[in-house]
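So the structure is just underneath, and the comments pick up after that.
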Amino acid sequence: MKFAKKLQEELEQGWNGQYLDYKALKKVMKGSEGEVMRDFCDALSAELHKVHDFMRHQQETLQDQLPGMLLEETSQPSRGRSRASSETGEVEKCAVMVRKIESFRHYSDLTFEAMRKIIKKFDKRFHCRFQETIGMPATAQQLVTAEDISLRVLQPAHECLRQMRVYS
């Protein structure tokens, strides 16, 4: 399967405009050789800034939601609901948070795969090694990897959800 098609099929609903625009970067490479390198670098840099801003926004959103969820869990009495019903609601909130983190990890995976593949196409088209000849924009080093998300956020969230299910 062609990567552009795979990317379209795996996009998270509502985040379509936030992914690295692989097709647009491929179009830039089809330009005349004189200016295509500069145009490609500019387009890649703009795409990476867009991705970086979105990733930062997602991180902030998750960071803002998590403490609120924990405060609700520890400070709110059941207010007439049965304890089991309250615990089930808390487990579901945690499960939703885990799914959001999983979506963010998948976004990161697709972004890094798109970046790797478009640079590979660039190298093949221009018979050079982009990272050695031109170098990656600084923004690329600031992106959060799927591995970072898994280790620092998703694994602890899965463990929290597992324990909530065991003890509820």
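Residues are named by chain letter and number: chains run A, B, ... in the order of the structure tokens, numbers start at 1 in each chain, and ligands are numbered from 1 in the order shown.
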
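All residues of range 10-40 of chain A that DSSP, run on the backbone, classes as alpha helix (DSSP H) are A:Glu10, A:Tyr22, A:Lys23, A:Ala24, A:Leu25, A:Lys26, A:Lys27, A:Val28, A:Met29, A:Glu33, A:Gly34, A:Glu35, A:Val36, A:Met37, A:Arg38, A:Asp39, A:Phe40.
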
Output file for the residues above (N, CA and C atoms, as a PDB file, in the first residue's frame):
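Saved to out-v5.pdb:
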```pdb
ATOM      1  N   GLU A  10      -5.458   6.259   8.154  1.00  0.00           N
ATOM      2  CA  GLU A  10      -5.181   6.183   9.587  1.00  0.00           C
ATOM      3  C   GLU A  10      -5.273   7.521  10.314  1.00  0.00           C
ATOM      4  N   TYR A  22       2.056  15.205   3.643  1.00  0.00           N
ATOM      5  CA  TYR A  22       2.937  14.383   2.824  1.00  0.00           C
ATOM      6  C   TYR A  22       2.730  14.649   1.334  1.00  0.00           C
ATOM      7  N   LYS A  23       1.471  14.718   0.921  1.00  0.00           N
ATOM      8  CA  LYS A  23       1.170  14.951  -0.501  1.00  0.00           C
ATOM      9  C   LYS A  23       1.700  16.302  -0.969  1.00  0.00           C
ATOM     10  N   ALA A  24       1.519  17.334  -0.168  1.00  0.00           N
ATOM     11  CA  ALA A  24       2.000  18.667  -0.549  1.00  0.00           C
ATOM     12  C   ALA A  24       3.520  18.682  -0.659  1.00  0.00           C
ATOM     13  N   LEU A  25       4.195  17.998   0.247  1.00  0.00           N
ATOM     14  CA  LEU A  25       5.666  17.940   0.191  1.00  0.00           C
ATOM     15  C   LEU A  25       6.132  17.172  -1.051  1.00  0.00           C
ATOM     16  N   LYS A  26       5.392  16.134  -1.438  1.00  0.00           N
ATOM     17  CA  LYS A  26       5.728  15.410  -2.668  1.00  0.00           C
ATOM     18  C   LYS A  26       5.571  16.333  -3.885  1.00  0.00           C
ATOM     19  N   LYS A  27       4.534  17.160  -3.885  1.00  0.00           N
ATOM     20  CA  LYS A  27       4.319  18.088  -4.999  1.00  0.00           C
ATOM     21  C   LYS A  27       5.450  19.103  -5.102  1.00  0.00           C
ATOM     22  N   VAL A  28       5.930  19.584  -3.963  1.00  0.00           N
ATOM     23  CA  VAL A  28       7.027  20.555  -3.954  1.00  0.00           C
ATOM     24  C   VAL A  28       8.258  19.955  -4.621  1.00  0.00           C
ATOM     25  N   MET A  29       8.491  18.671  -4.398  1.00  0.00           N
ATOM     26  CA  MET A  29       9.672  18.007  -4.987  1.00  0.00           C
ATOM     27  C   MET A  29       9.590  17.889  -6.503  1.00  0.00           C
ATOM     28  N   GLU A  33      14.458  21.946 -10.576  1.00  0.00           N
ATOM     29  CA  GLU A  33      15.566  21.622  -9.677  1.00  0.00           C
ATOM     30  C   GLU A  33      16.247  22.840  -9.080  1.00  0.00           C
ATOM     31  N   GLY A  34      16.240  23.949  -9.736  1.00  0.00           N
ATOM     32  CA  GLY A  34      16.940  25.129  -9.230  1.00  0.00           C
ATOM     33  C   GLY A  34      16.422  25.618  -7.886  1.00  0.00           C
ATOM     34  N   GLU A  35      15.122  25.669  -7.731  1.00  0.00           N
ATOM     35  CA  GLU A  35      14.547  26.215  -6.512  1.00  0.00           C
ATOM     36  C   GLU A  35      13.871  25.171  -5.639  1.00  0.00           C
ATOM     37  N   VAL A  36      13.789  23.947  -6.112  1.00  0.00           N
ATOM     38  CA  VAL A  36      13.030  22.937  -5.384  1.00  0.00           C
ATOM     39  C   VAL A  36      13.643  22.610  -4.021  1.00  0.00           C
ATOM     40  N   MET A  37      14.950  22.643  -3.912  1.00  0.00           N
ATOM     41  CA  MET A  37      15.566  22.333  -2.616  1.00  0.00           C
ATOM     42  C   MET A  37      15.178  23.372  -1.569  1.00  0.00           C
ATOM     43  N   ARG A  38      15.268  24.635  -1.943  1.00  0.00           N
ATOM     44  CA  ARG A  38      14.893  25.698  -1.008  1.00  0.00           C
ATOM     45  C   ARG A  38      13.400  25.634  -0.699  1.00  0.00           C
ATOM     46  N   ASP A  39      12.592  25.435  -1.743  1.00  0.00           N
ATOM     47  CA  ASP A  39      11.147  25.353  -1.550  1.00  0.00           C
ATOM     48  C   ASP A  39      10.779  24.169  -0.652  1.00  0.00           C
ATOM     49  N   PHE A  40      11.446  23.039  -0.872  1.00  0.00           N
ATOM     50  CA  PHE A  40      11.176  21.858  -0.057  1.00  0.00           C
ATOM     51  C   PHE A  40      11.553  22.120   1.402  1.00  0.00           C
TER      52      PHE A  40
END
```

Fill in: Long-range neighbours of Glu47 in chain A as a ChimeraX atom specification, 9 Å cut-off, only C-alpha atoms, 6 positions minimum in chain
/A:18-21,25

Worksheet item: Near range 60-62 of chain A, counting only C-alpha atoms, which residues have an atom at most 12 Å away, once you skip same-chain residues fewer than 2 positions from it, shown as a ChimeraX atom specification?
Response: /A:53-58,64-69,94,96-104,149,153-154,157

Item to complete: Go through A:Arg105, A:Leu110, A:Met136, A:Ala46 and flag the residue nearest Asn16 in chain A, using only C-alpha atoms for the distances.
Response: A:Leu110

Discussion item. Here is a test: counting only C-alpha atoms, which residue of A:Pro156, A:Gly17, A:Pro137, A:Gly89 is nearest to Ser45 in chain A?
Written reply: A:Pro137

Discussion item. At a cut-off of 10 Å, using only C-alpha atoms, what residues contact Thr145 in chain A? Leave out same-chain residues fewer than 5 positions from it and give the result as a PyMOL selection string.
Written reply: chain A and resi 104-109+111-112+150

With all heavy atoms retained, export the selected residues as a PDB file, in the first residue's frame.
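Everything below was put into again.pdb:
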```
ATOM      1  N   PHE A 104      -2.823  10.127  20.504  1.00  0.00           N
ATOM      2  CA  PHE A 104      -1.683  11.041  20.422  1.00  0.00           C
ATOM      3  C   PHE A 104      -0.414  10.269  20.048  1.00  0.00           C
ATOM      4  O   PHE A 104       0.373  10.722  19.213  1.00  0.00           O
ATOM      5  CB  PHE A 104      -1.521  11.768  21.758  1.00  0.00           C
ATOM      6  CG  PHE A 104      -0.439  12.817  21.768  1.00  0.00           C
ATOM      7  CD1 PHE A 104      -0.248  13.687  20.715  1.00  0.00           C
ATOM      8  CD2 PHE A 104       0.385  12.950  22.881  1.00  0.00           C
ATOM      9  CE1 PHE A 104       0.750  14.673  20.741  1.00  0.00           C
ATOM     10  CE2 PHE A 104       1.383  13.916  22.923  1.00  0.00           C
ATOM     11  CZ  PHE A 104       1.560  14.774  21.856  1.00  0.00           C
ATOM     12  N   ARG A 105      -0.233   9.099  20.630  1.00  0.00           N
ATOM     13  CA  ARG A 105       0.929   8.267  20.288  1.00  0.00           C
ATOM     14  C   ARG A 105       0.871   7.855  18.811  1.00  0.00           C
ATOM     15  O   ARG A 105       1.875   7.904  18.098  1.00  0.00           O
ATOM     16  CB  ARG A 105       0.995   7.036  21.179  1.00  0.00           C
ATOM     17  CG  ARG A 105       2.239   6.168  20.877  1.00  0.00           C
ATOM     18  CD  ARG A 105       2.219   4.862  21.571  1.00  0.00           C
ATOM     19  NE  ARG A 105       1.048   4.108  21.116  1.00  0.00           N
ATOM     20  CZ  ARG A 105       0.677   2.966  21.630  1.00  0.00           C
ATOM     21  NH1 ARG A 105       1.321   2.434  22.632  1.00  0.00           N
ATOM     22  NH2 ARG A 105      -0.375   2.331  21.154  1.00  0.00           N
ATOM     23  N   HIS A 106      -0.300   7.477  18.339  1.00  0.00           N
ATOM     24  CA  HIS A 106      -0.447   7.082  16.938  1.00  0.00           C
ATOM     25  C   HIS A 106      -0.165   8.268  16.008  1.00  0.00           C
ATOM     26  O   HIS A 106       0.477   8.111  14.967  1.00  0.00           O
ATOM     27  CB  HIS A 106      -1.850   6.526  16.693  1.00  0.00           C
ATOM     28  CG  HIS A 106      -2.032   5.941  15.336  1.00  0.00           C
ATOM     29  ND1 HIS A 106      -1.354   4.820  14.898  1.00  0.00           N
ATOM     30  CD2 HIS A 106      -2.806   6.336  14.300  1.00  0.00           C
ATOM     31  CE1 HIS A 106      -1.700   4.557  13.659  1.00  0.00           C
ATOM     32  NE2 HIS A 106      -2.574   5.462  13.263  1.00  0.00           N
ATOM     33  N   TYR A 107      -0.627   9.445  16.389  1.00  0.00           N
ATOM     34  CA  TYR A 107      -0.333  10.665  15.630  1.00  0.00           C
ATOM     35  C   TYR A 107       1.185  10.849  15.514  1.00  0.00           C
ATOM     36  O   TYR A 107       1.707  11.125  14.437  1.00  0.00           O
ATOM     37  CB  TYR A 107      -0.972  11.872  16.329  1.00  0.00           C
ATOM     38  CG  TYR A 107      -0.536  13.203  15.767  1.00  0.00           C
ATOM     39  CD1 TYR A 107      -1.200  13.766  14.686  1.00  0.00           C
ATOM     40  CD2 TYR A 107       0.541  13.889  16.303  1.00  0.00           C
ATOM     41  CE1 TYR A 107      -0.803  14.986  14.156  1.00  0.00           C
ATOM     42  CE2 TYR A 107       0.947  15.109  15.787  1.00  0.00           C
ATOM     43  CZ  TYR A 107       0.272  15.647  14.711  1.00  0.00           C
ATOM     44  OH  TYR A 107       0.687  16.851  14.187  1.00  0.00           O
ATOM     45  N   SER A 108       1.871  10.704  16.626  1.00  0.00           N
ATOM     46  CA  SER A 108       3.330  10.856  16.629  1.00  0.00           C
ATOM     47  C   SER A 108       3.991   9.825  15.719  1.00  0.00           C
ATOM     48  O   SER A 108       4.886  10.146  14.942  1.00  0.00           O
ATOM     49  CB  SER A 108       3.863  10.729  18.058  1.00  0.00           C
ATOM     50  OG  SER A 108       5.259  10.859  18.078  1.00  0.00           O
ATOM     51  N   ASP A 109       3.530   8.578  15.801  1.00  0.00           N
ATOM     52  CA  ASP A 109       4.063   7.515  14.936  1.00  0.00           C
ATOM     53  C   ASP A 109       3.905   7.869  13.464  1.00  0.00           C
ATOM     54  O   ASP A 109       4.863   7.765  12.678  1.00  0.00           O
ATOM     55  CB  ASP A 109       3.314   6.200  15.184  1.00  0.00           C
ATOM     56  CG  ASP A 109       4.053   5.237  16.061  1.00  0.00           C
ATOM     57  OD1 ASP A 109       5.276   5.397  16.263  1.00  0.00           O
ATOM     58  OD2 ASP A 109       3.405   4.293  16.549  1.00  0.00           O
ATOM     59  N   THR A 111       3.433  10.785  12.107  1.00  0.00           N
ATOM     60  CA  THR A 111       4.209  11.976  11.776  1.00  0.00           C
ATOM     61  C   THR A 111       5.666  11.617  11.511  1.00  0.00           C
ATOM     62  O   THR A 111       6.241  12.051  10.512  1.00  0.00           O
ATOM     63  CB  THR A 111       4.112  13.011  12.916  1.00  0.00           C
ATOM     64  OG1 THR A 111       2.743  13.425  13.022  1.00  0.00           O
ATOM     65  CG2 THR A 111       4.995  14.210  12.649  1.00  0.00           C
ATOM     66  N   PHE A 112       6.254  10.825  12.386  1.00  0.00           N
ATOM     67  CA  PHE A 112       7.649  10.444  12.196  1.00  0.00           C
ATOM     68  C   PHE A 112       7.829   9.550  10.972  1.00  0.00           C
ATOM     69  O   PHE A 112       8.814   9.674  10.248  1.00  0.00           O
ATOM     70  CB  PHE A 112       8.215   9.767  13.452  1.00  0.00           C
ATOM     71  CG  PHE A 112       8.716  10.756  14.455  1.00  0.00           C
ATOM     72  CD1 PHE A 112       7.883  11.242  15.448  1.00  0.00           C
ATOM     73  CD2 PHE A 112      10.020  11.236  14.396  1.00  0.00           C
ATOM     74  CE1 PHE A 112       8.333  12.177  16.364  1.00  0.00           C
ATOM     75  CE2 PHE A 112      10.484  12.163  15.305  1.00  0.00           C
ATOM     76  CZ  PHE A 112       9.642  12.637  16.296  1.00  0.00           C
ATOM     77  N   SER A 150       4.675   6.632  25.049  1.00  0.00           N
ATOM     78  CA  SER A 150       4.414   5.323  25.652  1.00  0.00           C
ATOM     79  C   SER A 150       5.049   5.201  27.026  1.00  0.00           C
ATOM     80  O   SER A 150       4.406   4.798  27.992  1.00  0.00           O
ATOM     81  CB  SER A 150       4.926   4.197  24.752  1.00  0.00           C
ATOM     82  OG  SER A 150       4.154   4.116  23.591  1.00  0.00           O
TER      83      SER A 150
END
```
